[in-house]
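Only one structure is covered here, and it is reproduced in the block below.
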Amino acid sequence: MTVKIGVTGTGAIGREHVFRLSRKIPGAQVVALNDVNISSCESINSDFDLDAKIFTDGHELIKSDSVDAIVVASWGPTHEEFVNSAISAGKFVFCEKPLAVTAEGCRQIIDAELTGGKRLVQVGFMRRYDQAYQQLKKCLQDNTIGHPIILNCAHRAPHAPGFGGDMAITDSLVHEFDVLRWLLDDDYVAAQVILPRKTSLCDEGLQDPHIVQLRTRQGIHISIESFVNAHYGYDIQCQVVGEKGVAALPEPASVQLRELGKLSHEILIDWKDRFVAAFDQEFRDWIQSIKTGKAEGPSAWDGYVVAVTADACVKAKHSGQFENIDLPPRPDFYQ
């Protein structure tokens with residue numbers, strides 16, 4: 001069985017996904033494209049030797065009988081409407097983060113899925129598919145270090161062009177919010193944001209770095225450093241302090257060099273290089289879930305929880321206080 005995919009949004013991440021689905025993922029075929037910039041669709045058709053139909057309207061692409069499933073990689077504020085359109089059409093949909101730009105928008109997607117009675121939505125939280133994070137999760141599941149007590153994490157990037165306002169929280173840290181919750185199988189109950197001395201090597205008006213502190217239902221304390229203009233490279237860290245020991249996220253493999261009186265190894269610069277294998281596995285699993293008729297990846301509920309967490313962190317940043325993270329009970333539908 002070949003799953004025929006329609007992609008809305010053919011910018012940088014959409015282009016990556018089209019390449020992945022058309023060249024690397026068995027059982028998938030990109031048959032339809034949509035973007036506000038039609039020339040980007042034409043370029044993809046040419047560059048990847050596709051014969052995908054180009055739609056000027058994303059909703060028409062979603063409704064097309066030639067399309068089995070949808071990838072939403074368009075501008076964030078359009079995600080909610082396209083995901084809801086896919087649910088209405090009864091089609092599986094993979095949505096890049098954010099699921100919606102507001103928690104209320106995520107909740108409406110959940111309500112639409114509940115009404116339809118079938119899970120159709122997967123959110124693009126690819127870190128769950130990263131081998132290093134999976135190794136760390138297995139260590140916790142095996143109780144190797146006892147119950148987790150403290151997490152010390154870092155999300156560092158060389159630079160963040162175009163970032164402003166609260167985007168370090170709402171655009172970058174959302175991946176931490178999802179993967180740490182998945183890692184611990186726990187929910188957050190409170191958040192605080194500390195603002196250290198601002199780096200001089202970032203755009204004027206942007207606060208960087210941030211320190212986000214989270215408390216979970218089980219009482220685990222999480223500290224996340226977000227430094228999106230760290231300059232030296234793209235560096236993701238996660239250390240779990242347990243009752244009996246400490247477990248840390250493995251470093252990406254690289255050649256160790258001894259030269260010119262130095263011992264060194266390479267640090268990645270591009271986030272796509274760090275998580276390329278995770279992206280590939282994420283889409284392999286998504287295509288397989290479509291074939292079996294059962295969505296199993298990060299759900300609309302997970303997208304909602306991340307949105308609520310981000311909102312609380314933004315509020316904490318501006319209030320300077322701990323803010324509660326209030327979640328309703330998770331519907332049995334998403335258990």
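FYI, nothing fancy with the structure tokens labels: chains A, B, ... in order, residues from 1 per chain, ligands from 1 as they appear.
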
Worksheet item: Counting only C-alpha atoms, what is within 10 Å of Val101 (chain A), bar same-chain residues fewer than 6 positions away, as number ranges by chain?
Response: A: 76-80, 170, 307

Produce a file of the selected residues containing N, CA, C and O atoms, as a tab-separated table (two decimals), in the first residue's frame.
```tsv
chain	number	residue	atom	x	y	z
A	76	GLY	N	2.50	29.00	11.15
A	76	GLY	CA	1.87	28.55	12.38
A	76	GLY	C	0.41	28.93	12.57
A	76	GLY	O	-0.41	28.08	12.94
A	77	PRO	N	0.02	30.20	12.33
A	77	PRO	CA	-1.38	30.57	12.54
A	77	PRO	C	-2.38	29.86	11.62
A	77	PRO	O	-3.59	29.92	11.88
A	78	THR	N	-1.90	29.18	10.57
A	78	THR	CA	-2.82	28.44	9.70
A	78	THR	C	-3.00	26.98	10.13
A	78	THR	O	-3.86	26.28	9.59
A	79	HIS	N	-2.20	26.52	11.08
A	79	HIS	CA	-2.23	25.11	11.44
A	79	HIS	C	-3.60	24.66	11.92
A	79	HIS	O	-4.10	23.60	11.52
A	80	GLU	N	-4.19	25.45	12.79
A	80	GLU	CA	-5.47	25.05	13.39
A	80	GLU	C	-6.53	24.80	12.32
A	80	GLU	O	-7.22	23.77	12.34
A	170	THR	N	8.15	30.00	23.19
A	170	THR	CA	7.02	29.50	22.39
A	170	THR	C	7.44	28.78	21.12
A	170	THR	O	6.66	28.01	20.55
A	307	ALA	N	1.12	23.68	24.74
A	307	ALA	CA	0.63	25.06	24.61
A	307	ALA	C	0.30	25.66	25.97
A	307	ALA	O	0.63	26.82	26.26
```

For the strand (DSSP E or B) assignment from backbone DSSP, which residues of region 93-282 of chain A qualify? Please present them as a CSV table (one decimal) with all heavy atoms, in the first residue's frame.
```csv
chain,number,residue,atom,x,y,z
A,93,VAL,N,-3.5,13.4,9.8
A,93,VAL,CA,-2.8,14.6,9.5
A,93,VAL,C,-1.6,14.7,10.5
A,93,VAL,O,-1.7,14.5,11.7
A,93,VAL,CB,-3.7,15.8,9.7
A,93,VAL,CG1,-4.5,15.8,11.0
A,93,VAL,CG2,-3.0,17.1,9.5
A,94,PHE,N,-0.4,15.0,9.9
A,94,PHE,CA,0.8,15.3,10.6
A,94,PHE,C,1.0,16.8,10.6
A,94,PHE,O,1.1,17.4,9.6
A,94,PHE,CB,2.0,14.6,10.0
A,94,PHE,CG,3.3,14.9,10.6
A,94,PHE,CD1,3.8,13.9,11.5
A,94,PHE,CD2,4.0,16.0,10.4
A,94,PHE,CE1,5.0,14.2,12.2
A,94,PHE,CE2,5.2,16.3,11.0
A,94,PHE,CZ,5.7,15.4,11.9
A,95,CYS,N,1.0,17.4,11.8
A,95,CYS,CA,1.1,18.8,12.0
A,95,CYS,C,2.4,19.2,12.6
A,95,CYS,O,2.7,18.8,13.8
A,95,CYS,CB,-0.1,19.4,12.8
A,95,CYS,SG,-0.1,21.2,12.9
A,121,VAL,N,-4.7,12.9,14.4
A,121,VAL,CA,-3.7,14.0,14.5
A,121,VAL,C,-2.4,13.4,15.1
A,121,VAL,O,-2.4,12.8,16.2
A,121,VAL,CB,-4.2,15.2,15.3
A,121,VAL,CG1,-3.1,16.3,15.4
A,121,VAL,CG2,-5.5,15.7,14.7
A,122,GLN,N,-1.3,13.8,14.5
A,122,GLN,CA,0.0,13.6,15.1
A,122,GLN,C,0.8,14.9,15.0
A,122,GLN,O,0.8,15.6,14.0
A,122,GLN,CB,0.9,12.5,14.4
A,122,GLN,CG,2.3,12.3,15.0
A,122,GLN,CD,3.0,11.1,14.5
A,122,GLN,OE1,2.4,10.1,14.3
A,122,GLN,NE2,4.3,11.2,14.4
A,123,VAL,N,1.4,15.3,16.1
A,123,VAL,CA,2.1,16.6,16.2
A,123,VAL,C,3.6,16.3,16.1
A,123,VAL,O,4.1,15.3,16.6
A,123,VAL,CB,1.8,17.3,17.5
A,123,VAL,CG1,2.5,18.7,17.5
A,123,VAL,CG2,0.3,17.4,17.8
A,148,PRO,N,13.7,9.5,39.4
A,148,PRO,CA,14.3,10.8,39.1
A,148,PRO,C,13.9,11.9,40.2
A,148,PRO,O,12.8,11.9,40.7
A,148,PRO,CB,13.7,11.2,37.8
A,148,PRO,CG,13.2,9.9,37.2
A,148,PRO,CD,12.8,9.0,38.4
A,149,ILE,N,14.9,12.8,40.5
A,149,ILE,CA,14.6,13.8,41.4
A,149,ILE,C,14.8,15.2,40.8
A,149,ILE,O,14.0,16.1,41.0
A,149,ILE,CB,15.6,13.7,42.6
A,149,ILE,CG1,15.4,12.3,43.4
A,149,ILE,CG2,15.4,14.8,43.6
A,149,ILE,CD1,16.4,12.0,44.4
A,150,ILE,N,15.9,15.4,40.0
A,150,ILE,CA,16.2,16.6,39.4
A,150,ILE,C,16.6,16.4,38.0
A,150,ILE,O,17.3,15.4,37.6
A,150,ILE,CB,17.4,17.3,40.1
A,150,ILE,CG1,17.0,17.6,41.6
A,150,ILE,CG2,17.8,18.6,39.4
A,150,ILE,CD1,18.2,18.0,42.5
A,151,LEU,N,16.2,17.3,37.1
A,151,LEU,CA,16.6,17.3,35.7
A,151,LEU,C,17.3,18.7,35.4
A,151,LEU,O,16.8,19.7,35.7
A,151,LEU,CB,15.5,17.2,34.7
A,151,LEU,CG,15.2,15.7,34.2
A,151,LEU,CD1,14.7,14.9,35.4
A,151,LEU,CD2,14.2,15.8,33.1
A,152,ASN,N,18.5,18.6,34.8
A,152,ASN,CA,19.3,19.8,34.4
A,152,ASN,C,19.4,19.7,32.9
A,152,ASN,O,20.1,18.8,32.4
A,152,ASN,CB,20.6,19.9,35.1
A,152,ASN,CG,20.6,20.0,36.6
A,152,ASN,OD1,19.9,20.9,37.1
A,152,ASN,ND2,21.2,19.1,37.3
A,153,CYS,N,18.8,20.7,32.2
A,153,CYS,CA,18.7,20.6,30.7
A,153,CYS,C,19.2,21.9,30.1
A,153,CYS,O,19.2,23.0,30.7
A,153,CYS,CB,17.3,20.3,30.3
A,153,CYS,SG,16.5,18.9,31.1
A,154,ALA,N,19.6,21.8,28.8
A,154,ALA,CA,20.0,23.0,28.1
A,154,ALA,C,19.6,22.9,26.7
A,154,ALA,O,19.7,21.8,26.1
A,154,ALA,CB,21.5,23.2,28.2
A,155,HIS,N,19.2,24.0,26.1
A,155,HIS,CA,18.8,24.1,24.7
A,155,HIS,C,19.6,25.3,24.2
A,155,HIS,O,19.3,26.4,24.4
A,155,HIS,CB,17.3,24.3,24.5
A,155,HIS,CG,16.9,24.4,23.1
A,155,HIS,ND1,16.0,23.6,22.5
A,155,HIS,CD2,17.3,25.3,22.1
A,155,HIS,CE1,15.8,24.0,21.2
A,155,HIS,NE2,16.6,25.0,21.0
A,156,ARG,N,20.8,25.0,23.5
A,156,ARG,CA,21.6,26.1,23.0
A,156,ARG,C,21.7,26.0,21.5
A,156,ARG,O,21.9,24.9,20.9
A,156,ARG,CB,23.0,25.9,23.6
A,156,ARG,CG,23.1,26.0,25.1
A,156,ARG,CD,24.5,26.0,25.7
A,156,ARG,NE,24.5,25.8,27.2
A,156,ARG,CZ,25.1,24.8,27.8
A,156,ARG,NH1,25.8,23.9,27.1
A,156,ARG,NH2,25.0,24.7,29.1
A,188,TYR,N,3.4,18.6,34.3
A,188,TYR,CA,3.9,19.8,35.0
A,188,TYR,C,2.8,20.4,35.8
A,188,TYR,O,1.6,20.4,35.4
A,188,TYR,CB,4.5,20.8,34.0
A,188,TYR,CG,5.4,20.3,33.0
A,188,TYR,CD1,5.2,20.4,31.6
A,188,TYR,CD2,6.6,19.6,33.4
A,188,TYR,CE1,6.0,19.9,30.7
A,188,TYR,CE2,7.4,19.1,32.5
A,188,TYR,CZ,7.2,19.2,31.1
A,188,TYR,OH,8.0,18.7,30.2
A,189,VAL,N,3.1,21.1,37.0
A,189,VAL,CA,2.1,21.7,37.8
A,189,VAL,C,2.5,23.2,38.0
A,189,VAL,O,1.6,24.0,38.4
A,189,VAL,CB,1.9,21.0,39.1
A,189,VAL,CG1,1.4,19.6,38.9
A,189,VAL,CG2,3.2,21.0,39.9
A,190,ALA,N,3.7,23.6,37.8
A,190,ALA,CA,4.1,25.0,38.1
A,190,ALA,C,5.3,25.3,37.3
A,190,ALA,O,6.1,24.5,36.9
A,190,ALA,CB,4.3,25.3,39.5
A,191,ALA,N,5.5,26.6,37.0
A,191,ALA,CA,6.6,27.1,36.2
A,191,ALA,C,7.1,28.5,36.7
A,191,ALA,O,6.3,29.3,37.2
A,191,ALA,CB,6.2,27.3,34.7
A,192,GLN,N,8.4,28.6,36.6
A,192,GLN,CA,9.0,29.9,36.9
A,192,GLN,C,10.1,30.2,35.9
A,192,GLN,O,10.7,29.2,35.4
A,192,GLN,CB,9.7,29.9,38.3
A,192,GLN,CG,10.3,31.2,38.7
A,192,GLN,CD,11.0,31.2,40.1
A,192,GLN,OE1,11.6,30.1,40.4
A,192,GLN,NE2,11.0,32.3,40.8
A,193,VAL,N,10.3,31.5,35.5
A,193,VAL,CA,11.3,31.8,34.5
A,193,VAL,C,12.2,32.9,35.1
A,193,VAL,O,11.8,33.9,35.6
A,193,VAL,CB,10.7,32.4,33.2
A,193,VAL,CG1,11.7,32.8,32.2
A,193,VAL,CG2,9.8,31.3,32.6
A,194,ILE,N,13.5,32.6,35.1
A,194,ILE,CA,14.5,33.5,35.6
A,194,ILE,C,15.3,34.1,34.4
A,194,ILE,O,15.6,33.4,33.4
A,194,ILE,CB,15.5,32.7,36.5
A,194,ILE,CG1,14.8,32.2,37.7
A,194,ILE,CG2,16.7,33.6,36.9
A,194,ILE,CD1,15.6,31.2,38.5
A,210,HIS,N,17.3,32.4,28.9
A,210,HIS,CA,16.2,32.2,29.9
A,210,HIS,C,16.6,31.0,30.7
A,210,HIS,O,17.2,30.1,30.1
A,210,HIS,CB,14.9,32.0,29.2
A,210,HIS,CG,14.3,33.1,28.4
A,210,HIS,ND1,14.8,33.5,27.2
A,210,HIS,CD2,13.2,33.9,28.7
A,210,HIS,CE1,14.1,34.5,26.7
A,210,HIS,NE2,13.1,34.8,27.6
A,211,ILE,N,16.2,31.0,31.9
A,211,ILE,CA,16.2,29.8,32.7
A,211,ILE,C,14.8,29.4,33.1
A,211,ILE,O,14.1,30.2,33.8
A,211,ILE,CB,17.1,29.9,34.0
A,211,ILE,CG1,18.5,30.4,33.7
A,211,ILE,CG2,17.0,28.6,34.8
A,211,ILE,CD1,19.3,29.4,32.9
A,212,VAL,N,14.3,28.3,32.6
A,212,VAL,CA,12.9,27.9,32.9
A,212,VAL,C,12.9,26.8,34.0
A,212,VAL,O,13.7,25.8,33.8
A,212,VAL,CB,12.2,27.4,31.6
A,212,VAL,CG1,10.8,26.8,32.0
A,212,VAL,CG2,12.0,28.5,30.6
A,213,GLN,N,12.2,27.0,35.0
A,213,GLN,CA,12.1,25.9,36.0
A,213,GLN,C,10.7,25.4,36.1
A,213,GLN,O,9.7,26.2,36.1
A,213,GLN,CB,12.5,26.5,37.4
A,213,GLN,CG,13.9,27.0,37.4
A,213,GLN,CD,14.4,27.3,38.8
A,213,GLN,OE1,14.9,26.5,39.5
A,213,GLN,NE2,14.2,28.6,39.2
A,214,LEU,N,10.6,24.1,36.1
A,214,LEU,CA,9.3,23.4,36.1
A,214,LEU,C,9.2,22.4,37.3
A,214,LEU,O,10.2,21.8,37.7
A,214,LEU,CB,9.1,22.6,34.8
A,214,LEU,CG,9.0,23.4,33.5
A,214,LEU,CD1,9.1,22.5,32.3
A,214,LEU,CD2,7.8,24.3,33.4
A,215,ARG,N,8.0,22.3,37.9
A,215,ARG,CA,7.7,21.3,38.9
A,215,ARG,C,6.7,20.4,38.4
A,215,ARG,O,5.7,20.8,37.8
A,215,ARG,CB,7.2,22.0,40.1
A,215,ARG,CG,6.8,21.1,41.3
A,215,ARG,CD,8.0,20.6,42.0
A,215,ARG,NE,8.8,21.6,42.7
A,215,ARG,CZ,9.8,21.4,43.5
A,215,ARG,NH1,10.1,20.1,43.9
A,215,ARG,NH2,10.5,22.4,44.0
A,216,THR,N,6.9,19.0,38.6
A,216,THR,CA,6.0,18.0,38.1
A,216,THR,C,5.1,17.5,39.2
A,216,THR,O,5.3,17.8,40.4
A,216,THR,CB,6.7,16.8,37.5
A,216,THR,OG1,7.2,16.0,38.6
A,216,THR,CG2,7.9,17.3,36.6
A,221,HIS,N,12.0,18.4,40.1
A,221,HIS,CA,12.4,19.7,39.7
A,221,HIS,C,13.2,19.7,38.4
A,221,HIS,O,14.2,19.0,38.3
A,221,HIS,CB,13.2,20.4,40.8
A,221,HIS,CG,13.7,21.7,40.5
A,221,HIS,ND1,12.9,22.9,40.7
A,221,HIS,CD2,14.9,22.2,39.9
A,221,HIS,CE1,13.6,23.9,40.3
A,221,HIS,NE2,14.7,23.6,39.8
A,222,ILE,N,12.8,20.5,37.5
A,222,ILE,CA,13.4,20.6,36.1
A,222,ILE,C,13.9,22.0,35.9
A,222,ILE,O,13.2,23.0,36.1
A,222,ILE,CB,12.4,20.3,35.0
A,222,ILE,CG1,11.9,18.8,35.2
A,222,ILE,CG2,13.1,20.4,33.6
A,222,ILE,CD1,10.7,18.5,34.2
A,223,SER,N,15.2,22.1,35.5
A,223,SER,CA,15.8,23.4,35.2
A,223,SER,C,16.2,23.3,33.7
A,223,SER,O,17.0,22.4,33.4
A,223,SER,CB,16.9,23.8,36.1
A,223,SER,OG,17.5,25.0,35.7
A,224,ILE,N,15.8,24.3,32.9
A,224,ILE,CA,16.1,24.3,31.5
A,224,ILE,C,16.8,25.6,31.1
A,224,ILE,O,16.1,26.7,31.3
A,224,ILE,CB,14.9,24.1,30.5
A,224,ILE,CG1,14.0,22.9,31.0
A,224,ILE,CG2,15.3,23.9,29.1
A,224,ILE,CD1,12.7,22.8,30.3
A,225,GLU,N,18.0,25.6,30.6
A,225,GLU,CA,18.6,26.8,30.1
A,225,GLU,C,18.3,26.9,28.6
A,225,GLU,O,18.6,26.0,27.8
A,225,GLU,CB,20.1,26.7,30.3
A,225,GLU,CG,20.9,27.8,29.6
A,225,GLU,CD,22.4,27.4,29.3
A,225,GLU,OE1,23.0,26.7,30.2
A,225,GLU,OE2,22.9,27.7,28.2
A,226,SER,N,17.7,28.0,28.2
A,226,SER,CA,17.5,28.3,26.8
A,226,SER,C,18.4,29.4,26.4
A,226,SER,O,18.3,30.6,26.9
A,226,SER,CB,16.0,28.7,26.6
A,226,SER,OG,15.9,29.3,25.3
A,227,PHE,N,19.4,29.1,25.5
A,227,PHE,CA,20.4,30.1,25.1
A,227,PHE,C,20.5,30.0,23.6
A,227,PHE,O,21.2,29.2,23.0
A,227,PHE,CB,21.7,29.8,25.8
A,227,PHE,CG,22.7,30.9,25.6
A,227,PHE,CD1,22.5,32.1,25.0
A,227,PHE,CD2,24.0,30.7,26.1
A,227,PHE,CE1,23.4,33.1,24.9
A,227,PHE,CE2,25.0,31.7,26.0
A,227,PHE,CZ,24.7,32.9,25.4
A,235,ASP,N,23.6,22.6,20.7
A,235,ASP,CA,23.9,21.7,21.8
A,235,ASP,C,22.7,21.5,22.7
A,235,ASP,O,22.2,22.4,23.4
A,235,ASP,CB,25.1,22.4,22.6
A,235,ASP,CG,25.8,21.5,23.6
A,235,ASP,OD1,25.5,20.3,23.6
A,235,ASP,OD2,26.6,22.0,24.4
A,236,ILE,N,22.3,20.2,22.7
A,236,ILE,CA,21.1,19.8,23.5
A,236,ILE,C,21.6,18.9,24.7
A,236,ILE,O,22.2,17.9,24.4
A,236,ILE,CB,20.1,19.1,22.7
A,236,ILE,CG1,19.6,19.9,21.5
A,236,ILE,CG2,18.9,18.7,23.5
A,236,ILE,CD1,19.0,21.2,21.9
A,237,GLN,N,21.3,19.3,25.9
A,237,GLN,CA,21.8,18.6,27.1
A,237,GLN,C,20.6,18.2,27.9
A,237,GLN,O,19.6,18.9,28.1
A,237,GLN,CB,22.8,19.4,27.9
A,237,GLN,CG,24.0,19.9,27.1
A,237,GLN,CD,25.0,18.7,26.9
A,237,GLN,OE1,25.0,17.8,27.7
A,237,GLN,NE2,25.7,18.8,25.8
A,238,CYS,N,20.7,17.0,28.6
A,238,CYS,CA,19.7,16.6,29.5
A,238,CYS,C,20.4,15.6,30.5
A,238,CYS,O,20.8,14.6,30.1
A,238,CYS,CB,18.5,15.9,28.9
A,238,CYS,SG,17.2,15.3,30.0
A,239,GLN,N,20.4,16.0,31.8
A,239,GLN,CA,21.0,15.2,32.8
A,239,GLN,C,19.9,14.9,33.9
A,239,GLN,O,19.2,15.9,34.4
A,239,GLN,CB,22.2,16.0,33.5
A,239,GLN,CG,22.8,15.2,34.6
A,239,GLN,CD,23.7,16.1,35.5
A,239,GLN,OE1,23.2,17.0,36.2
A,239,GLN,NE2,25.0,15.9,35.4
A,240,VAL,N,19.7,13.7,34.2
A,240,VAL,CA,18.7,13.2,35.2
A,240,VAL,C,19.4,12.8,36.4
A,240,VAL,O,20.2,11.8,36.4
A,240,VAL,CB,17.8,12.1,34.6
A,240,VAL,CG1,16.7,11.7,35.6
A,240,VAL,CG2,17.2,12.5,33.3
A,241,VAL,N,19.2,13.5,37.5
A,241,VAL,CA,19.7,13.1,38.8
A,241,VAL,C,18.7,12.2,39.5
A,241,VAL,O,17.5,12.6,39.8
A,241,VAL,CB,20.0,14.3,39.7
A,241,VAL,CG1,20.6,13.9,41.0
A,241,VAL,CG2,21.0,15.2,39.0
A,242,GLY,N,19.1,11.0,39.8
A,242,GLY,CA,18.2,10.0,40.5
A,242,GLY,C,18.6,9.7,41.9
A,242,GLY,O,19.6,10.2,42.4
A,246,VAL,N,23.2,9.1,38.3
A,246,VAL,CA,23.0,10.2,37.4
A,246,VAL,C,23.0,9.6,35.9
A,246,VAL,O,24.0,8.9,35.6
A,246,VAL,CB,24.0,11.4,37.5
A,246,VAL,CG1,23.7,12.5,36.5
A,246,VAL,CG2,23.9,12.0,38.9
A,247,ALA,N,22.1,10.0,35.1
A,247,ALA,CA,22.0,9.6,33.7
A,247,ALA,C,22.0,10.8,32.8
A,247,ALA,O,21.2,11.7,33.1
A,247,ALA,CB,20.8,8.7,33.4
A,248,ALA,N,22.8,10.8,31.8
A,248,ALA,CA,22.8,12.0,30.9
A,248,ALA,C,22.6,11.6,29.4
A,248,ALA,O,22.9,10.5,29.0
A,248,ALA,CB,24.2,12.7,31.0
A,256,GLN,N,37.0,11.9,17.3
A,256,GLN,CA,37.9,12.6,18.2
A,256,GLN,C,39.2,12.9,17.5
A,256,GLN,O,39.8,12.1,16.9
A,256,GLN,CB,38.1,11.8,19.5
A,256,GLN,CG,38.8,12.5,20.6
A,256,GLN,CD,39.1,11.6,21.8
A,256,GLN,OE1,40.0,10.8,21.8
A,256,GLN,NE2,38.2,11.8,22.8
A,257,LEU,N,39.6,14.2,17.6
A,257,LEU,CA,40.9,14.6,16.9
A,257,LEU,C,42.0,15.0,17.9
A,257,LEU,O,41.7,15.6,18.9
A,257,LEU,CB,40.6,15.8,16.0
A,257,LEU,CG,39.6,15.6,14.8
A,257,LEU,CD1,39.4,16.9,14.1
A,257,LEU,CD2,40.2,14.6,13.9
A,258,ARG,N,43.2,14.6,17.6
A,258,ARG,CA,44.4,15.0,18.3
A,258,ARG,C,45.2,15.7,17.3
A,258,ARG,O,45.8,15.0,16.4
A,258,ARG,CB,45.1,13.8,18.9
A,258,ARG,CG,44.3,13.0,20.0
A,258,ARG,CD,45.0,11.7,20.4
A,258,ARG,NE,44.1,10.9,21.2
A,258,ARG,CZ,44.1,11.0,22.6
A,258,ARG,NH1,45.0,11.7,23.2
A,258,ARG,NH2,43.3,10.2,23.3
A,259,GLU,N,45.3,17.0,17.4
A,259,GLU,CA,46.1,17.8,16.4
A,259,GLU,C,46.5,19.1,17.0
A,259,GLU,O,45.8,19.7,17.8
A,259,GLU,CB,45.3,18.0,15.1
A,259,GLU,CG,44.0,18.7,15.3
A,259,GLU,CD,43.4,19.2,14.0
A,259,GLU,OE1,44.0,19.0,12.9
A,259,GLU,OE2,42.2,19.7,14.1
A,262,LYS,N,46.0,19.8,20.6
A,262,LYS,CA,44.7,19.9,21.2
A,262,LYS,C,44.0,18.5,21.0
A,262,LYS,O,44.2,17.8,20.0
A,262,LYS,CB,43.8,20.9,20.5
A,262,LYS,CG,44.3,22.4,20.7
A,262,LYS,CD,43.4,23.4,20.0
A,262,LYS,CE,43.9,24.8,20.2
A,262,LYS,NZ,43.0,25.8,19.5
A,263,LEU,N,43.1,18.2,21.9
A,263,LEU,CA,42.2,17.1,21.8
A,263,LEU,C,40.8,17.6,21.7
A,263,LEU,O,40.4,18.4,22.5
A,263,LEU,CB,42.3,16.2,23.1
A,263,LEU,CG,41.3,15.0,23.2
A,263,LEU,CD1,41.7,14.0,22.1
A,263,LEU,CD2,41.4,14.4,24.6
A,264,SER,N,40.1,17.3,20.6
A,264,SER,CA,38.8,17.9,20.3
A,264,SER,C,37.8,17.0,19.6
A,264,SER,O,38.3,15.9,19.1
A,264,SER,CB,39.0,19.1,19.5
A,264,SER,OG,39.5,18.8,18.2
A,265,HIS,N,36.6,17.3,19.7
A,265,HIS,CA,35.6,16.7,18.8
A,265,HIS,C,34.6,17.7,18.3
A,265,HIS,O,34.4,18.8,19.0
A,265,HIS,CB,34.9,15.5,19.5
A,265,HIS,CG,34.0,15.9,20.7
A,265,HIS,ND1,32.7,16.3,20.6
A,265,HIS,CD2,34.3,16.0,22.0
A,265,HIS,CE1,32.2,16.6,21.7
A,265,HIS,NE2,33.2,16.4,22.6
```

Worksheet item: Looking only at the backbone, which of the residues in region 45-292 of chain A does DSSP tag as helix (DSSP H, G or I), as a PyMOL selection string?
Response: chain A and resi 45-47+58-63+76-88+103-116+126-129+131-141+167-172+174-184+271-274+276-292

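Look at Tyr334 (chain A): the protein and nucleic acid residues within 10 Å of it, using only C-alpha atoms and passing over chain neighbours fewer than 6 places away, are Ile110, Leu114, Arg119, Glu296, Ser299, Ala300, Trp301 and Asp302 of chain A.
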
If you keep N, CA, C and O atoms, can you produce a file of those selected residues as a short mmCIF file (atom, residue, chain, number, x, y, z; two decimals), in the first residue's frame?
```
data_model
loop_
_atom_site.label_atom_id
_atom_site.label_comp_id
_atom_site.auth_asym_id
_atom_site.auth_seq_id
_atom_site.Cartn_x
_atom_site.Cartn_y
_atom_site.Cartn_z
N ILE A 110 -8.87 19.08 19.76
CA ILE A 110 -9.18 17.91 20.59
C ILE A 110 -10.67 17.62 20.54
O ILE A 110 -11.09 16.47 20.35
N LEU A 114 -12.47 14.24 19.30
CA LEU A 114 -13.36 13.49 20.18
C LEU A 114 -14.72 13.28 19.53
O LEU A 114 -15.30 12.19 19.59
N ARG A 119 -8.62 8.95 16.56
CA ARG A 119 -7.39 9.73 16.56
C ARG A 119 -6.86 9.84 15.14
O ARG A 119 -6.58 8.83 14.48
N GLU A 296 -0.42 6.74 16.61
CA GLU A 296 0.24 6.38 17.86
C GLU A 296 1.29 7.39 18.31
O GLU A 296 1.84 7.26 19.39
N SER A 299 0.15 13.22 20.30
CA SER A 299 -1.26 13.45 19.97
C SER A 299 -1.65 14.91 20.07
O SER A 299 -0.88 15.77 20.52
N ALA A 300 -2.90 15.19 19.70
CA ALA A 300 -3.45 16.53 19.88
C ALA A 300 -3.43 16.92 21.35
O ALA A 300 -3.21 18.09 21.69
N TRP A 301 -3.65 15.95 22.24
CA TRP A 301 -3.57 16.24 23.67
C TRP A 301 -2.16 16.69 24.05
O TRP A 301 -1.99 17.65 24.82
N ASP A 302 -1.14 16.04 23.51
CA ASP A 302 0.23 16.44 23.78
C ASP A 302 0.49 17.87 23.28
O ASP A 302 1.17 18.66 23.94
#
```

Discussion item. Using only C-alpha atoms, which protein or nucleic acid residues come within 12 Å of Trp75 (chain A)? Drop anything in the same chain fewer than 6 positions from it, and give the result as a PyMOL selection string.
Written reply: chain A and resi 8-14+34-37+58+81-82+95-101

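CA of Asp51 (chain A) is found 17.1 Å from CA of Ala69 (chain A).
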
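CA of Val314 (chain A) is found 29.9 Å from CA of His17 (chain A).
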
Item to complete: Considering only C-alpha atoms, return as number ranges by chain whatever protein or nucleic-acid residues lie within 10 Å of Pro26 (chain A), sequence-local ones (same chain, fewer than 6 positions apart) excluded.
Response: A: 1-3, 20, 283-284, 287-288

Go ahead and save the picked residues with C-alpha atoms, as a JSON list (two decimals), in the first residue's frame.
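Written file, result_3.json:
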```json
[["chain", "number", "residue", "atom", "x", "y", "z"],
["A", 1, "MET", "CA", 0.00, 0.00, 0.00],
["A", 2, "THR", "CA", 1.27, 3.45, -0.96],
["A", 3, "VAL", "CA", 0.05, 6.37, 1.16],
["A", 20, "ARG", "CA", 12.07, 12.86, 3.21],
["A", 283, "PHE", "CA", 7.77, 9.77, 9.41],
["A", 284, "ARG", "CA", 8.40, 6.04, 9.02],
["A", 287, "ILE", "CA", 3.25, 6.18, 7.48],
["A", 288, "GLN", "CA", 3.03, 2.80, 9.21]]
```

Worksheet item: Which residue out of A:Val31, A:Ile5, A:Ile325, A:Leu136 has the minimum interatomic distance to Leu249 (chain A) when only C-alpha atoms are used?
Response: A:Leu136

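CA of Pro158 (chain A) sits 28.1 Å away from CA of Leu184 (chain A).
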
Item to complete: For each of A:Phe163, A:Trp182, A:Tyr232, A:Phe92, take the minimum atom-to-atom distance to Phe125 (chain A), counting only C-alpha atoms, then give the residue where this is smallest.
Response: A:Trp182
